[in-house]
Amino acid sequence: MAGTRIPLTASAQDGAPGGLADGWLDTLTLSDPHPGETRHALVARTLRSAVTRGLLPEGTRLPGHRRLAQRLGVSRNTLVDALTQLHAEGYVRPRGRSGTVISVPVISVPVISVPGHAPMVPPGSGVTAPAQNGRPLPLSAWAIRALEGQVEEVGGDRFAVDFRVGQPVPDLYPEAAWTQALARRAAQVTHAHAHDPLGPLETRRALAAYLNAQRGARVTPDMVMLTGGTQSALDALARVFLEPGRLAVVEDPTYAGARAALAATGADVTGVPVDDRGLQTGALPPGATLAYVTPGCQYPTAVSLGADRRQALIAWAAAANAFILEDDYAADLHLTSRPPPVLQGLAPDRVILLGSFSKSLAPVTRSGFLVAPPGVLRVLTGTRPLTDRLPGRLDALALADVLASGAYARHLRRARTAVQRRQEVLLGALRTHLPGWPVLPVASGLHLYLPLPPPWTEADVLARAARQGVALSPVAPLSQGGHPPAVLLGFAALSTTELTDGAARLGRALRQGADGRP
């Protein structure tokens with residue numbers, strides 16, 4: 001693969017017909033741009049939408065680059081950059097002299113107007129129309145936006161070494177302590193208890209004590225609501241605060257689930273760039289209602305937000321009358337020193353703190369929480385019965401025991417040691433097999449963030465790694481466009497033998513030629 005882009009083959013150059021692609025080309029127009037969206041990101045989103053709507057089935061050969069660029073009114077370089085991003089995401093693949101073909105299988109169902117119902121998918125929505133009994137489902141605009149915002153790993157191949165993020169880490173979970181807590185509490189949940197829309201007071205007291213002592217928060221039990229996890233909390237807050245015409249801010253790149261939850265409301269969601277000191281607060285736009293941030297351990301870059309930028313973010317929120325949604329992602333797994341305190345402790349009236357124990361305790365518990373000002377909690381408790389139910393009482397009471405007994409703190413000390421050891425093994429192996437690459441440790445979290453030196457692209461690296469039996473996670477799907485290429489290597493779920501083997505395979509995959517190019 002040449003340089004930084006998908007190669008231009010002879011067929012791609014001369015615009016050989018591509019069957020269905022030719023008819024599709026006649027009606028193709030660019031989607032409406034999002035605020036701050038780059039030109040190549042807009043082209044990528046337009047083509048991605050055509051794929052997910054079923055207009056371009058798997059195996060369809062795209063028209064030549066020059067012809068497609070002319071139709072879209074963009075330069076050929078812009079189109080190639082867009083196709084390179086789509087290749088990294090798995091939507092297209094180059095096929096030698098046959099040009100570029102669609103690689104994601106999507107079944108297209110025509111949009112049929114059913115009497116008494118709105119069309120299931122409005123034109124240009126970007127969502128494939130599922131059907132029941134031959135007729136499309138009359139989905140709401142919210143559902144269409146929610147489906148359009150999903151980001152999933154493409155492909156189900158098995159790999160010799162799987163570095164993709166999000167893998168469960170069962171050997172780090174405190175199985176014995178959790179099982180004992182569940183057994184102690186099991187008898188209590190069989191008896192009737194007064195319903196508390198915030199969750200059991202005992203658990204909220206334990207959480208408040210833990211957050212105040214360990215995370216520098218300013219929390220009382222009446223500020224805590226138990227949730228099923230960060231995603232359910234984001235959904236609830238987005239529904240309460242956002243609607244079409246309002247603006248939300250996210251980091252760029254960011255957790256895709258957060259961006260999808262906010263965008264599903266119809267609000268405009270704009271990304272603010274991240275650098276080696278976290279969110280660039282000087283680029284925050286005016287007029288936003290919510291800002292989703294991960295200041296303790298930015299996802300996916302794993303950097304922490306500096307003290308001056310924390311103050312600037314709080315000042316911006318106060319001036320905009322906005323709320324900051326602080327996702328305390330992976331802070332409990334801070335490896336090198338005490339984690340930075342939460343923003344909520346600096347501005348409890350402006351910051352809504354979100355947390356989950358899925359990574360540090362066990363994903364099956366569905367134990368999460370949010371901390372918010374009393375006025376916000378009153379609204380959430382009023383709207384919750386329409387959209388959500390409390391997490392299981394047994395899990396909540398077991399969590400209270402694990403926190404109050406000190407078992408959770410003891411577990412974290414063991415887990416941090418194990419995670420740090422695995423990171424050190426991977427770092428050492430990568431430095432051996434990828435000399436000269438910018439391989440740096442992370443202070444917290446369960447993955448490494450590996451920037452790609454020029455002229456490497458994510459598409460290049462993912463394709464070469466896969467041929468050596470190694471799976472990586474791309475960063476491009478987490479960005480609205482313009483973020484420098486990088487890949488993620490999740491290390492916590494792998495043994496030291498697998499980490500060493502994976503680094504050796506990656507080194508073989510990315511070994512450069514004498515000219516220093518991929």
# chains A, B, ... in the order shown; residues from 1 in each chain; ligands from 1
$ closest_atom_pairs --of "range 363-470 of chain A" --to "range 78-83 of chain A" --cutoff "12 Å" --atoms "only C-alpha atoms" --output "JSON lines"
{"residue": "A:Thr457", "atom": "CA", "partner": "A:Asp81", "partner_atom": "CA", "distance": 10.1}
{"residue": "A:Glu458", "atom": "CA", "partner": "A:Asp81", "partner_atom": "CA", "distance": 11.4}
{"residue": "A:Ala459", "atom": "CA", "partner": "A:Leu83", "partner_atom": "CA", "distance": 9.8}
$ write_last_selection --atoms "C-alpha atoms" --output "tab-separated table (two decimals), in the first residue's frame"
chain	number	residue	atom	x	y	z
A	457	THR	CA	-2.10	5.57	8.08
A	458	GLU	CA	-4.54	3.62	10.23
A	459	ALA	CA	-5.66	1.68	7.16
$ select_by_dssp --residues "range 290-452 of chain A" --states "helix (DSSP H, G or I)" --output "PyMOL selection string"
chain A and resi 307-320+331-333+343-345+363-365+374-387+393-404+407-433
$ residues_around --residues "Pro485 in chain A" --least-positions-apart "3" --cutoff "9 Å" --atoms "only C-alpha atoms" --output "PDB file with N, CA, C and O atoms, in the first residue's frame"
ATOM      1  N   LEU A 450      -1.167   4.661  20.432  1.00  0.00           N
ATOM      2  CA  LEU A 450       0.045   4.657  19.609  1.00  0.00           C
ATOM      3  C   LEU A 450      -0.127   5.581  18.411  1.00  0.00           C
ATOM      4  O   LEU A 450      -0.772   5.217  17.419  1.00  0.00           O
ATOM      5  N   PRO A 451       0.435   6.812  18.466  1.00  0.00           N
ATOM      6  CA  PRO A 451       0.406   7.679  17.278  1.00  0.00           C
ATOM      7  C   PRO A 451       1.214   7.049  16.158  1.00  0.00           C
ATOM      8  O   PRO A 451       2.236   6.393  16.396  1.00  0.00           O
ATOM      9  N   LEU A 452       0.768   7.252  14.931  1.00  0.00           N
ATOM     10  CA  LEU A 452       1.446   6.665  13.787  1.00  0.00           C
ATOM     11  C   LEU A 452       2.361   7.695  13.136  1.00  0.00           C
ATOM     12  O   LEU A 452       1.896   8.760  12.717  1.00  0.00           O
ATOM     13  N   PRO A 453       3.643   7.396  13.039  1.00  0.00           N
ATOM     14  CA  PRO A 453       4.557   8.351  12.398  1.00  0.00           C
ATOM     15  C   PRO A 453       4.295   8.406  10.899  1.00  0.00           C
ATOM     16  O   PRO A 453       3.909   7.407  10.287  1.00  0.00           O
ATOM     17  N   TRP A 456       2.630   6.613   7.720  1.00  0.00           N
ATOM     18  CA  TRP A 456       1.694   5.534   8.033  1.00  0.00           C
ATOM     19  C   TRP A 456       0.277   6.068   8.222  1.00  0.00           C
ATOM     20  O   TRP A 456       0.073   7.152   8.754  1.00  0.00           O
ATOM     21  N   THR A 457      -0.703   5.266   7.825  1.00  0.00           N
ATOM     22  CA  THR A 457      -2.104   5.574   8.080  1.00  0.00           C
ATOM     23  C   THR A 457      -2.707   4.428   8.884  1.00  0.00           C
ATOM     24  O   THR A 457      -2.146   3.329   8.966  1.00  0.00           O
ATOM     25  N   GLU A 458      -3.865   4.677   9.475  1.00  0.00           N
ATOM     26  CA  GLU A 458      -4.541   3.623  10.227  1.00  0.00           C
ATOM     27  C   GLU A 458      -4.889   2.447   9.317  1.00  0.00           C
ATOM     28  O   GLU A 458      -4.788   1.281   9.722  1.00  0.00           O
ATOM     29  N   PRO A 474      -8.853   1.083  15.647  1.00  0.00           N
ATOM     30  CA  PRO A 474      -8.536   2.377  15.025  1.00  0.00           C
ATOM     31  C   PRO A 474      -9.102   3.526  15.846  1.00  0.00           C
ATOM     32  O   PRO A 474     -10.048   3.354  16.621  1.00  0.00           O
ATOM     33  N   VAL A 475      -8.544   4.703  15.662  1.00  0.00           N
ATOM     34  CA  VAL A 475      -9.028   5.904  16.342  1.00  0.00           C
ATOM     35  C   VAL A 475      -9.974   6.695  15.452  1.00  0.00           C
ATOM     36  O   VAL A 475     -10.838   7.416  15.945  1.00  0.00           O
ATOM     37  N   ALA A 476      -9.863   6.540  14.125  1.00  0.00           N
ATOM     38  CA  ALA A 476     -10.667   7.334  13.202  1.00  0.00           C
ATOM     39  C   ALA A 476     -12.166   7.292  13.501  1.00  0.00           C
ATOM     40  O   ALA A 476     -12.830   8.336  13.449  1.00  0.00           O
ATOM     41  N   GLY A 482      -9.972  14.884  11.196  1.00  0.00           N
ATOM     42  CA  GLY A 482      -8.838  15.763  11.395  1.00  0.00           C
ATOM     43  C   GLY A 482      -7.878  15.331  12.484  1.00  0.00           C
ATOM     44  O   GLY A 482      -6.805  15.912  12.612  1.00  0.00           O
TER      45      GLY A 482
END
$ select_by_dssp --residues "range 353-406 of chain A" --states "strand (DSSP E)" --output "NGL selection string"
:A and (353-356 or 368-371)
$ residues_around --residues "Thr179 in chain A" --least-positions-apart "4" --cutoff "12 Å" --atoms "only C-alpha atoms" --output "VMD selection string"
chain A and resid 173 to 175 183 to 186 361 to 362 365 394 to 395 398 to 399 401 to 402 407
$ residues_around --residues "Arg413 in chain A" --least-positions-apart "6" --cutoff "10 Å" --atoms "only C-alpha atoms" --output "PyMOL selection string"
chain A and resi 332-333+335
$ write_last_selection --atoms "C-alpha atoms" --output "CSV table (one decimal), in the first residue's frame"
chain,number,residue,atom,x,y,z
A,332,ASP,CA,-9.6,3.9,39.7
A,333,LEU,CA,-7.0,2.2,37.5
A,335,LEU,CA,-1.2,3.4,37.6
$ closest_residue --among "A:Val43, A:Val92, A:Ala146, A:Val101" --to "Thr60 in chain A" --atoms "only C-alpha atoms"
A:Val101
$ closest_residue --among "A:Leu412, A:Val169, A:Ala263, A:Ala466" --to "His334 in chain A" --atoms "only C-alpha atoms"
A:Leu412
$ closest_residue --among "A:Leu440, A:Val487, A:Ala465, A:Ile102" --to "Leu510 in chain A" --atoms "only C-alpha atoms"
A:Ala465
$ residues_around --residues "Thr254 in chain A" --least-positions-apart "5" --cutoff "12 Å" --atoms "only C-alpha atoms" --output "JSON, numbers by chain"
{"A": [151, 249, 259, 260, 269, 270, 271, 272, 273, 274, 278, 279, 291, 292, 293, 294, 295, 297, 298, 299, 300, 301, 302, 327, 329, 475, 476, 477, 478, 479, 480, 481, 483]}
$ residues_around --residues "Val351 in chain A" --least-positions-apart "4" --cutoff "7 Å" --atoms "only C-alpha atoms" --output "PyMOL selection string"
chain A and resi 323-326+343-344+347
$ closest_residue --among "A:Pro340, A:Ser356, A:Ala486, A:Gly445" --to "Pro253 in chain A" --atoms "only C-alpha atoms"
A:Ala486
$ closest_residue --among "A:Leu72, A:Leu426, A:Leu198, A:Gly59" --to "Ser31 in chain A" --atoms "only C-alpha atoms"
A:Leu72
$ decode --residues "range 219-344 of chain A" --atoms "C-alpha atoms" --output "tab-separated table (two decimals), in the first residue's frame"
chain	number	residue	atom	x	y	z
A	219	VAL	CA	-20.82	14.78	47.56
A	220	THR	CA	-23.64	14.09	49.98
A	221	PRO	CA	-25.81	10.95	49.66
A	222	ASP	CA	-28.76	13.00	48.39
A	223	MET	CA	-26.68	14.06	45.36
A	224	VAL	CA	-26.13	10.44	44.22
A	225	MET	CA	-28.32	8.44	41.84
A	226	LEU	CA	-27.55	4.81	41.05
A	227	THR	CA	-27.57	3.93	37.34
A	228	GLY	CA	-27.11	0.92	35.11
A	229	GLY	CA	-23.81	2.38	33.90
A	230	THR	CA	-22.41	5.43	32.15
A	231	GLN	CA	-24.33	4.85	28.91
A	232	SER	CA	-27.74	4.81	30.60
A	233	ALA	CA	-26.82	7.97	32.53
A	234	LEU	CA	-25.77	9.72	29.31
A	235	ASP	CA	-29.02	8.75	27.64
A	236	ALA	CA	-31.09	10.11	30.55
A	237	LEU	CA	-29.19	13.40	30.68
A	238	ALA	CA	-29.30	13.86	26.92
A	239	ARG	CA	-33.08	13.42	26.87
A	240	VAL	CA	-33.51	15.92	29.70
A	241	PHE	CA	-31.24	18.68	28.37
A	242	LEU	CA	-30.98	18.36	24.59
A	243	GLU	CA	-33.29	18.74	21.61
A	244	PRO	CA	-33.00	19.89	17.97
A	245	GLY	CA	-31.50	23.36	17.83
A	246	ARG	CA	-29.35	22.96	20.95
A	247	LEU	CA	-25.60	22.40	21.00
A	248	ALA	CA	-23.52	19.81	22.85
A	249	VAL	CA	-19.73	19.58	22.98
A	250	VAL	CA	-17.54	16.46	23.06
A	251	GLU	CA	-13.81	15.91	22.98
A	252	ASP	CA	-12.38	14.89	19.61
A	253	PRO	CA	-11.62	12.01	19.57
A	254	THR	CA	-14.04	10.68	22.16
A	255	TYR	CA	-16.06	7.71	23.37
A	256	ALA	CA	-18.42	6.95	20.47
A	257	GLY	CA	-21.29	5.98	22.78
A	258	ALA	CA	-21.35	9.45	24.31
A	259	ARG	CA	-21.44	11.22	20.96
A	260	ALA	CA	-24.21	8.87	19.76
A	261	ALA	CA	-26.36	9.41	22.86
A	262	LEU	CA	-26.13	13.20	22.55
A	263	ALA	CA	-26.67	13.26	18.78
A	264	ALA	CA	-29.72	10.96	18.99
A	265	THR	CA	-31.68	13.82	20.53
A	266	GLY	CA	-31.32	15.85	17.34
A	267	ALA	CA	-28.99	18.37	18.96
A	268	ASP	CA	-25.88	19.54	17.13
A	269	VAL	CA	-22.78	17.81	18.53
A	270	THR	CA	-19.44	19.45	17.85
A	271	GLY	CA	-16.01	18.04	18.64
A	272	VAL	CA	-13.30	20.11	20.29
A	273	PRO	CA	-9.73	18.92	19.58
A	274	VAL	CA	-7.59	17.14	22.17
A	275	ASP	CA	-3.81	17.50	22.45
A	276	ASP	CA	-1.20	16.16	24.86
A	277	ARG	CA	-2.74	18.23	27.67
A	278	GLY	CA	-6.32	17.20	27.04
A	279	LEU	CA	-9.26	19.24	25.79
A	280	GLN	CA	-8.24	22.49	24.05
A	281	THR	CA	-10.49	24.74	26.11
A	282	GLY	CA	-9.68	27.77	23.99
A	283	ALA	CA	-11.65	26.15	21.16
A	284	LEU	CA	-14.87	25.68	23.16
A	285	PRO	CA	-17.82	27.23	21.29
A	286	PRO	CA	-20.33	29.56	22.94
A	287	GLY	CA	-23.95	28.63	23.43
A	288	ALA	CA	-23.61	24.94	24.34
A	289	THR	CA	-25.93	23.23	26.82
A	290	LEU	CA	-23.74	20.23	27.70
A	291	ALA	CA	-20.06	19.32	27.43
A	292	TYR	CA	-19.00	15.67	27.75
A	293	VAL	CA	-15.39	15.30	28.94
A	294	THR	CA	-13.03	12.66	30.39
A	295	PRO	CA	-10.54	14.88	32.27
A	296	GLY	CA	-8.96	12.24	34.53
A	297	CYS	CA	-8.07	9.88	31.68
A	298	GLN	CA	-9.09	11.17	28.26
A	299	TYR	CA	-10.55	8.50	26.04
A	300	PRO	CA	-8.86	7.38	23.88
A	301	THR	CA	-5.58	9.33	24.23
A	302	ALA	CA	-5.24	8.60	28.01
A	303	VAL	CA	-3.91	12.09	28.85
A	304	SER	CA	-5.08	14.10	31.88
A	305	LEU	CA	-6.53	17.59	31.67
A	306	GLY	CA	-4.15	20.21	33.08
A	307	ALA	CA	-5.09	22.37	36.07
A	308	ASP	CA	-5.28	25.59	34.05
A	309	ARG	CA	-7.58	23.99	31.48
A	310	ARG	CA	-9.78	22.58	34.24
A	311	GLN	CA	-10.33	26.10	35.53
A	312	ALA	CA	-10.92	27.38	32.00
A	313	LEU	CA	-13.51	24.66	31.35
A	314	ILE	CA	-15.40	25.50	34.53
A	315	ALA	CA	-15.32	29.23	33.70
A	316	TRP	CA	-16.65	28.48	30.22
A	317	ALA	CA	-19.51	26.40	31.65
A	318	ALA	CA	-20.46	29.15	34.09
A	319	ALA	CA	-20.47	31.78	31.34
A	320	ALA	CA	-22.52	29.55	29.00
A	321	ASN	CA	-24.88	28.34	31.76
A	322	ALA	CA	-23.89	24.83	30.65
A	323	PHE	CA	-23.38	21.59	32.52
A	324	ILE	CA	-20.18	19.57	32.30
A	325	LEU	CA	-20.73	15.81	32.06
A	326	GLU	CA	-17.58	14.42	33.68
A	327	ASP	CA	-16.99	10.76	32.89
A	328	ASP	CA	-14.53	9.53	35.53
A	329	TYR	CA	-13.31	6.91	33.09
A	330	ALA	CA	-10.62	4.52	34.37
A	331	ALA	CA	-9.57	6.83	37.21
A	332	ASP	CA	-9.64	3.92	39.66
A	333	LEU	CA	-7.00	2.24	37.50
A	334	HIS	CA	-4.52	5.12	37.63
A	335	LEU	CA	-1.16	3.36	37.61
A	336	THR	CA	1.73	5.71	38.31
A	337	SER	CA	0.48	7.98	41.09
A	338	ARG	CA	-2.65	9.15	42.84
A	339	PRO	CA	-5.22	10.06	40.18
A	340	PRO	CA	-6.11	13.73	39.72
A	341	PRO	CA	-9.23	14.75	41.69
A	342	VAL	CA	-12.52	15.03	39.86
A	343	LEU	CA	-13.73	18.32	38.40
A	344	GLN	CA	-16.92	17.94	40.42
